[in-house]
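Reading through the structure tokens given below for one structure.
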Amino acid sequence: MAGRISRRSMLRGGVQAGAAMALPRMAWGALAGAKPLEEVGYGQVTMKSPLLVSQRESSHAVLMGLDNVDLVKPYRVMCGMKDAPGEDLGGWYTYNADFNYRVWQKTGFCPGHTLGQWVSALSRYYATTGDVATRDKVLAINKLYALTGMCSAEAAQFYAKTRFIAYTYDKLTCGLVDSATLVKDPDAWKILGATTDQAMKALPGHAVEYGTHWRAGKDDSYSWDESYTLPENLYRAYGAGAGARYRQMAAQYLDDPLYFDLLAKNEPVIAGKHAYSHVNAMSSAMQAYLVEGSDKHLRAAKNGFAMVQAQSFATGGWGPDELLRKPGSEDVFESLTKSHNSFETPCGAYGHMKLTRYLLRVTRDGHYGDSLERVLWNTVLGALPLRADGTAFYYQDLNFKGTKKYSDSVWPCCSGTLPQVANDYGICSYFRESAAAHGHSAVWVSQYFESELRWQEDGSPVLLEQRAPQGQAAYPLGDTVEFRVSVEKPTRFALKLRIPVWCEKATIYVNGAKVPVQPVLGFATVQQVWRDGDRVELELPAKVRLEQSFATHPEVVAVMYGPLVLFAQTKEQPKITKEQALGARRVSRGVWVVDTASGSLKLVPYTDVGDAEYATYLRMT
Ligand SMILES: [Zn+2]
């Protein structure tokens, strides 16, 4: 109710009747095959939401606190350099010649693995904030890395020792692409070229599936490498101007015979595969579409993602115990009692957000934005913060008896992806379509959190601010998202707003006047000439609802509010009926209470569960 009052109080000037024009459904045909939506630059989006900013800042502070000499130590040691100064970081990051995966030692699983991801995260942070100390750290790390032996024949010794030739090279490539494009490191392409020369001598000649033994005399753990994920960053290197060899290599490592050819035919080949790396590989298929125009790879990514969605939890997460399952199997349901390793959160969320970003750009289908939104709010934003000693959040626990806890090994894979994904929320939220595409330009808003987007329209700057109405909770706890347009001169563009599929009745007001909402593939359009100070309000009213995730267990439901799963704070399953669950009372901004036969039950979003025991799913009686 407060929203209505504040909107009236904001009314200024004349109401523009008919200001909004939804794109008629007929027009979609004309858009099919249109150019993918453009990504915005990291520096164009300013995140304002305290929850999102604090995750980015806290993980950034950890990276800034790492000593550059320590960071390159495993490369120096493994390349056989006599001079390898610095301290060991410990955990996965440190080289341990005696590492034995059968007894799972905490030290030495994947030495040096996150260096490229951290260089990538720092580069993205610099591009977003312009922080000079961060830029200087990237330049300094790259200089030190180039002298470790990884760019010369000594690299053969590193690759002979590591279990993860492709995994490590893939991350280094990502970091150097971001160093070249975002930090403008003048040496980045040279360093990548020399790294690639050496890596090529050690890599398999084509994508090798997880679990395939291809290195003589090595134990099982050496078969867990992920060469099928290489093409994404290789295509990115090619697209950014690193050279034609990266395009050839990308094509060489596309996992067509065992994966993409089958996914393109909608064969359920994902069953039993390692979850994160095979979802991540779908982003390689998307890059094959974006760079080569390969329809087969677009089909593979769309079909594959649909298979993942069909076995996802209400949180948007997937892959309990890091395995994708046979579609329709009982495995995911059984994991609610058998496993606490329900979703590899930072890595999975990073992979999920890249893939849904690519799919949204190509298909213009808002359901990919819906999916990204769930993973954002119900998984990664609630990850425990990365700590300076490498203590990191890994698995989200969706067990009937769940808790939030850290991984028992420091510097795991997820300590590499958390700083990356925390820098990517902005570019997942907005997309641009320049006027040349089909007659008018547009800004697509996929994610709703307090933020600002800046761009040039007809050579003139435009600022789009997104915020919560005065005195109200920010979305998704609040129902209304406010936009304010700042322009130097009247400027025409279309504003495309995602209408989430859970929202039964969205309303849009332009300068206080209600305009028609006719979503096409989940996006409503407001097209007009914008004047300085114009305001748009998007109302997305949510109410408590119940959602089933398991076809054979309709009595097991998640309590939802908009995109949020509400986690019940309880040690034991309560005696609760659907009517009771649907009657959840909101007692404060982020707390709901349900009265059940076994007492009153408190429910909160994942970001607020703290260290209390919780149940993601409730069994209705
Ligand atoms: Zn991970």
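So you can find residues: chains in the structure tokens are A, B, ... in the order shown, residues in each start at 1, and ligands are numbered from 1 in order.
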Checklist entry - ligand 1: which residues are within 9 Å, counting only C-alpha atoms and all ligand atoms, as number ranges by chain? => result A: 276, 344-348, 393-395, 412-418
Next on the checklist: Report as a PyMOL selection string all protein, DNA and RNA residues lying within 7 Å of region 443-458 of chain A, evaluated on only C-alpha atoms, omitting residues in the same chain fewer than 6 positions from it.
Outcome noted: chain A and resi 44-49+369+373+429-433+464-468+475+494-498
What are the closest atom pairs, with distances in Å to one decimal, for each residue of region 285-391 of chain A lying within 9 Å of region 241-257 of chain A, using only C-alpha atoms, rows by chain and rising residue number, as CSV?
residue,atom,partner,partner_atom,distance
A:Ala285,CA,A:Leu254,CA,7.4
A:Ala288,CA,A:Ala251,CA,7.8
A:Val291,CA,A:Arg247,CA,8.7
A:His297,CA,A:Asp256,CA,8.8
Let me see the file: selected residues, N, CA and C atoms, as an mmCIF file, in the first residue's frame.
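Generated output (selection_6.cif):
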data_model
loop_
_atom_site.group_PDB
_atom_site.id
_atom_site.type_symbol
_atom_site.label_atom_id
_atom_site.label_comp_id
_atom_site.auth_asym_id
_atom_site.auth_seq_id
_atom_site.Cartn_x
_atom_site.Cartn_y
_atom_site.Cartn_z
ATOM 1 N N ALA A 285 29.713 -24.664 -25.949
ATOM 2 C CA ALA A 285 28.784 -24.819 -27.082
ATOM 3 C C ALA A 285 28.193 -23.459 -27.455
ATOM 4 N N ALA A 288 30.606 -21.530 -29.405
ATOM 5 C CA ALA A 288 30.682 -22.054 -30.779
ATOM 6 C C ALA A 288 29.547 -21.457 -31.618
ATOM 7 N N VAL A 291 30.429 -17.497 -32.006
ATOM 8 C CA VAL A 291 31.570 -17.199 -32.876
ATOM 9 C C VAL A 291 31.395 -17.822 -34.262
ATOM 10 N N HIS A 297 25.398 -26.462 -32.029
ATOM 11 C CA HIS A 297 25.879 -26.204 -30.670
ATOM 12 C C HIS A 297 24.879 -25.383 -29.853
#
Item to check | Residue contacts of Leu263 (chain A) (8 Å, only C-alpha atoms) excluding same-chain residues fewer than 2 positions away, as an MDAnalysis selection string | outcome: chainID A and resid 259:261 265:269 299:301 303:304
Checklist entry - Which residues in region 202-247 of chain A does DSSP call helix (DSSP H, G or I)? List them as a PyMOL selection string. => result chain A and resi 202+220-223+227-239+244-247
Selection to disk with N, CA and C atoms, as a PDB file, in the first residue's frame:
ATOM      1  N   ALA A 202      51.337 -30.719 -23.864  1.00  0.00           N
ATOM      2  CA  ALA A 202      50.903 -31.606 -22.788  1.00  0.00           C
ATOM      3  C   ALA A 202      49.427 -32.011 -22.899  1.00  0.00           C
ATOM      4  N   ASP A 220      43.782 -42.854 -11.014  1.00  0.00           N
ATOM      5  CA  ASP A 220      42.445 -42.391 -11.410  1.00  0.00           C
ATOM      6  C   ASP A 220      42.293 -40.869 -11.350  1.00  0.00           C
ATOM      7  N   SER A 221      42.929 -40.244 -10.353  1.00  0.00           N
ATOM      8  CA  SER A 221      42.703 -38.812 -10.164  1.00  0.00           C
ATOM      9  C   SER A 221      43.230 -37.990 -11.349  1.00  0.00           C
ATOM     10  N   TYR A 222      44.115 -38.604 -12.146  1.00  0.00           N
ATOM     11  CA  TYR A 222      44.624 -37.909 -13.338  1.00  0.00           C
ATOM     12  C   TYR A 222      43.624 -37.987 -14.510  1.00  0.00           C
ATOM     13  N   SER A 223      42.522 -38.711 -14.283  1.00  0.00           N
ATOM     14  CA  SER A 223      41.515 -38.807 -15.358  1.00  0.00           C
ATOM     15  C   SER A 223      40.368 -37.826 -15.117  1.00  0.00           C
ATOM     16  N   SER A 227      39.142 -31.211 -20.264  1.00  0.00           N
ATOM     17  CA  SER A 227      39.524 -30.569 -21.535  1.00  0.00           C
ATOM     18  C   SER A 227      38.302 -30.172 -22.373  1.00  0.00           C
ATOM     19  N   TYR A 228      37.142 -30.785 -22.072  1.00  0.00           N
ATOM     20  CA  TYR A 228      35.914 -30.444 -22.811  1.00  0.00           C
ATOM     21  C   TYR A 228      35.366 -29.064 -22.442  1.00  0.00           C
ATOM     22  N   THR A 229      35.991 -28.403 -21.454  1.00  0.00           N
ATOM     23  CA  THR A 229      35.541 -27.033 -21.130  1.00  0.00           C
ATOM     24  C   THR A 229      36.419 -25.968 -21.790  1.00  0.00           C
ATOM     25  N   LEU A 230      37.454 -26.375 -22.519  1.00  0.00           N
ATOM     26  CA  LEU A 230      38.418 -25.399 -23.057  1.00  0.00           C
ATOM     27  C   LEU A 230      37.845 -24.413 -24.084  1.00  0.00           C
ATOM     28  N   PRO A 231      36.941 -24.838 -24.981  1.00  0.00           N
ATOM     29  CA  PRO A 231      36.604 -23.928 -26.095  1.00  0.00           C
ATOM     30  C   PRO A 231      36.055 -22.567 -25.672  1.00  0.00           C
ATOM     31  N   GLU A 232      35.334 -22.486 -24.555  1.00  0.00           N
ATOM     32  CA  GLU A 232      34.736 -21.195 -24.197  1.00  0.00           C
ATOM     33  C   GLU A 232      35.796 -20.104 -24.119  1.00  0.00           C
ATOM     34  N   ASN A 233      36.822 -20.325 -23.313  1.00  0.00           N
ATOM     35  CA  ASN A 233      37.833 -19.279 -23.151  1.00  0.00           C
ATOM     36  C   ASN A 233      38.732 -19.152 -24.381  1.00  0.00           C
ATOM     37  N   LEU A 234      38.893 -20.241 -25.145  1.00  0.00           N
ATOM     38  CA  LEU A 234      39.670 -20.141 -26.386  1.00  0.00           C
ATOM     39  C   LEU A 234      38.928 -19.269 -27.400  1.00  0.00           C
ATOM     40  N   TYR A 235      37.612 -19.471 -27.509  1.00  0.00           N
ATOM     41  CA  TYR A 235      36.826 -18.598 -28.398  1.00  0.00           C
ATOM     42  C   TYR A 235      36.852 -17.156 -27.892  1.00  0.00           C
ATOM     43  N   ARG A 236      36.817 -16.978 -26.573  1.00  0.00           N
ATOM     44  CA  ARG A 236      36.897 -15.609 -26.030  1.00  0.00           C
ATOM     45  C   ARG A 236      38.240 -14.978 -26.399  1.00  0.00           C
ATOM     46  N   ALA A 237      39.327 -15.770 -26.326  1.00  0.00           N
ATOM     47  CA  ALA A 237      40.659 -15.258 -26.692  1.00  0.00           C
ATOM     48  C   ALA A 237      40.661 -14.848 -28.163  1.00  0.00           C
ATOM     49  N   TYR A 238      40.109 -15.713 -29.004  1.00  0.00           N
ATOM     50  CA  TYR A 238      40.039 -15.400 -30.440  1.00  0.00           C
ATOM     51  C   TYR A 238      39.213 -14.131 -30.667  1.00  0.00           C
ATOM     52  N   GLY A 239      38.057 -14.069 -30.039  1.00  0.00           N
ATOM     53  CA  GLY A 239      37.164 -12.922 -30.233  1.00  0.00           C
ATOM     54  C   GLY A 239      37.780 -11.616 -29.754  1.00  0.00           C
ATOM     55  N   ALA A 244      44.183 -16.261 -34.642  1.00  0.00           N
ATOM     56  CA  ALA A 244      43.358 -17.308 -35.257  1.00  0.00           C
ATOM     57  C   ALA A 244      43.615 -18.686 -34.650  1.00  0.00           C
ATOM     58  N   ARG A 245      44.820 -18.897 -34.074  1.00  0.00           N
ATOM     59  CA  ARG A 245      45.114 -20.240 -33.548  1.00  0.00           C
ATOM     60  C   ARG A 245      44.119 -20.638 -32.457  1.00  0.00           C
ATOM     61  N   TYR A 246      43.599 -19.644 -31.721  1.00  0.00           N
ATOM     62  CA  TYR A 246      42.693 -19.956 -30.609  1.00  0.00           C
ATOM     63  C   TYR A 246      41.334 -20.427 -31.124  1.00  0.00           C
ATOM     64  N   ARG A 247      40.941 -19.919 -32.275  1.00  0.00           N
ATOM     65  CA  ARG A 247      39.699 -20.394 -32.890  1.00  0.00           C
ATOM     66  C   ARG A 247      39.854 -21.848 -33.339  1.00  0.00           C
TER      67      ARG A 247
END
Which residues of region 555-618 of chain A sit at most 7 Å from region 534-550 of chain A, using only C-alpha atoms? Give each one's shortest atom pair and distance in Å (one decimal place), in chain and ascending residue order, as CSV.
residue,atom,partner,partner_atom,distance
A:Val556,CA,A:Gln548,CA,6.4
A:Val557,CA,A:Gln548,CA,4.7
A:Ala558,CA,A:Glu547,CA,5.2
A:Val559,CA,A:Leu546,CA,4.8
A:Met560,CA,A:Arg545,CA,5.3
A:Tyr561,CA,A:Val544,CA,4.8
A:Gly562,CA,A:Ala542,CA,5.0
A:Leu582,CA,A:Val544,CA,6.0
Go ahead and write the selection's residues with C-alpha atoms as a tab-separated table (two decimals), in the first residue's frame.
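Final output, saved to selection_4.tsv:
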chain	number	residue	atom	x	y	z
A	556	VAL	CA	7.39	-32.61	-0.66
A	557	VAL	CA	7.41	-28.89	-1.42
A	558	ALA	CA	9.50	-25.77	-1.10
A	559	VAL	CA	7.81	-22.68	0.32
A	560	MET	CA	8.44	-19.82	-2.12
A	561	TYR	CA	8.02	-16.05	-2.15
A	562	GLY	CA	8.69	-14.63	-5.61
A	582	LEU	CA	0.24	-21.21	2.41
Checklist entry - With only C-alpha atoms as the basis for distance, which of A:Tyr358, A:Phe313, A:Tyr93, A:Phe493 is at the shortest distance from Ser342 (chain A)? => result A:Phe313
Item to check | Length of the CA of Gly610 (chain A) to CA of Thr403 (chain A) vector [Å] | outcome: 8.6 Å
Checklist entry - Hey, which of A:Lys405, A:Arg361, A:His113, A:Lys137 ends up closest to His60 (chain A)? Count only C-alpha atoms. => result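 Selected residue with least distance to His60 (chain A): A:Lys137.
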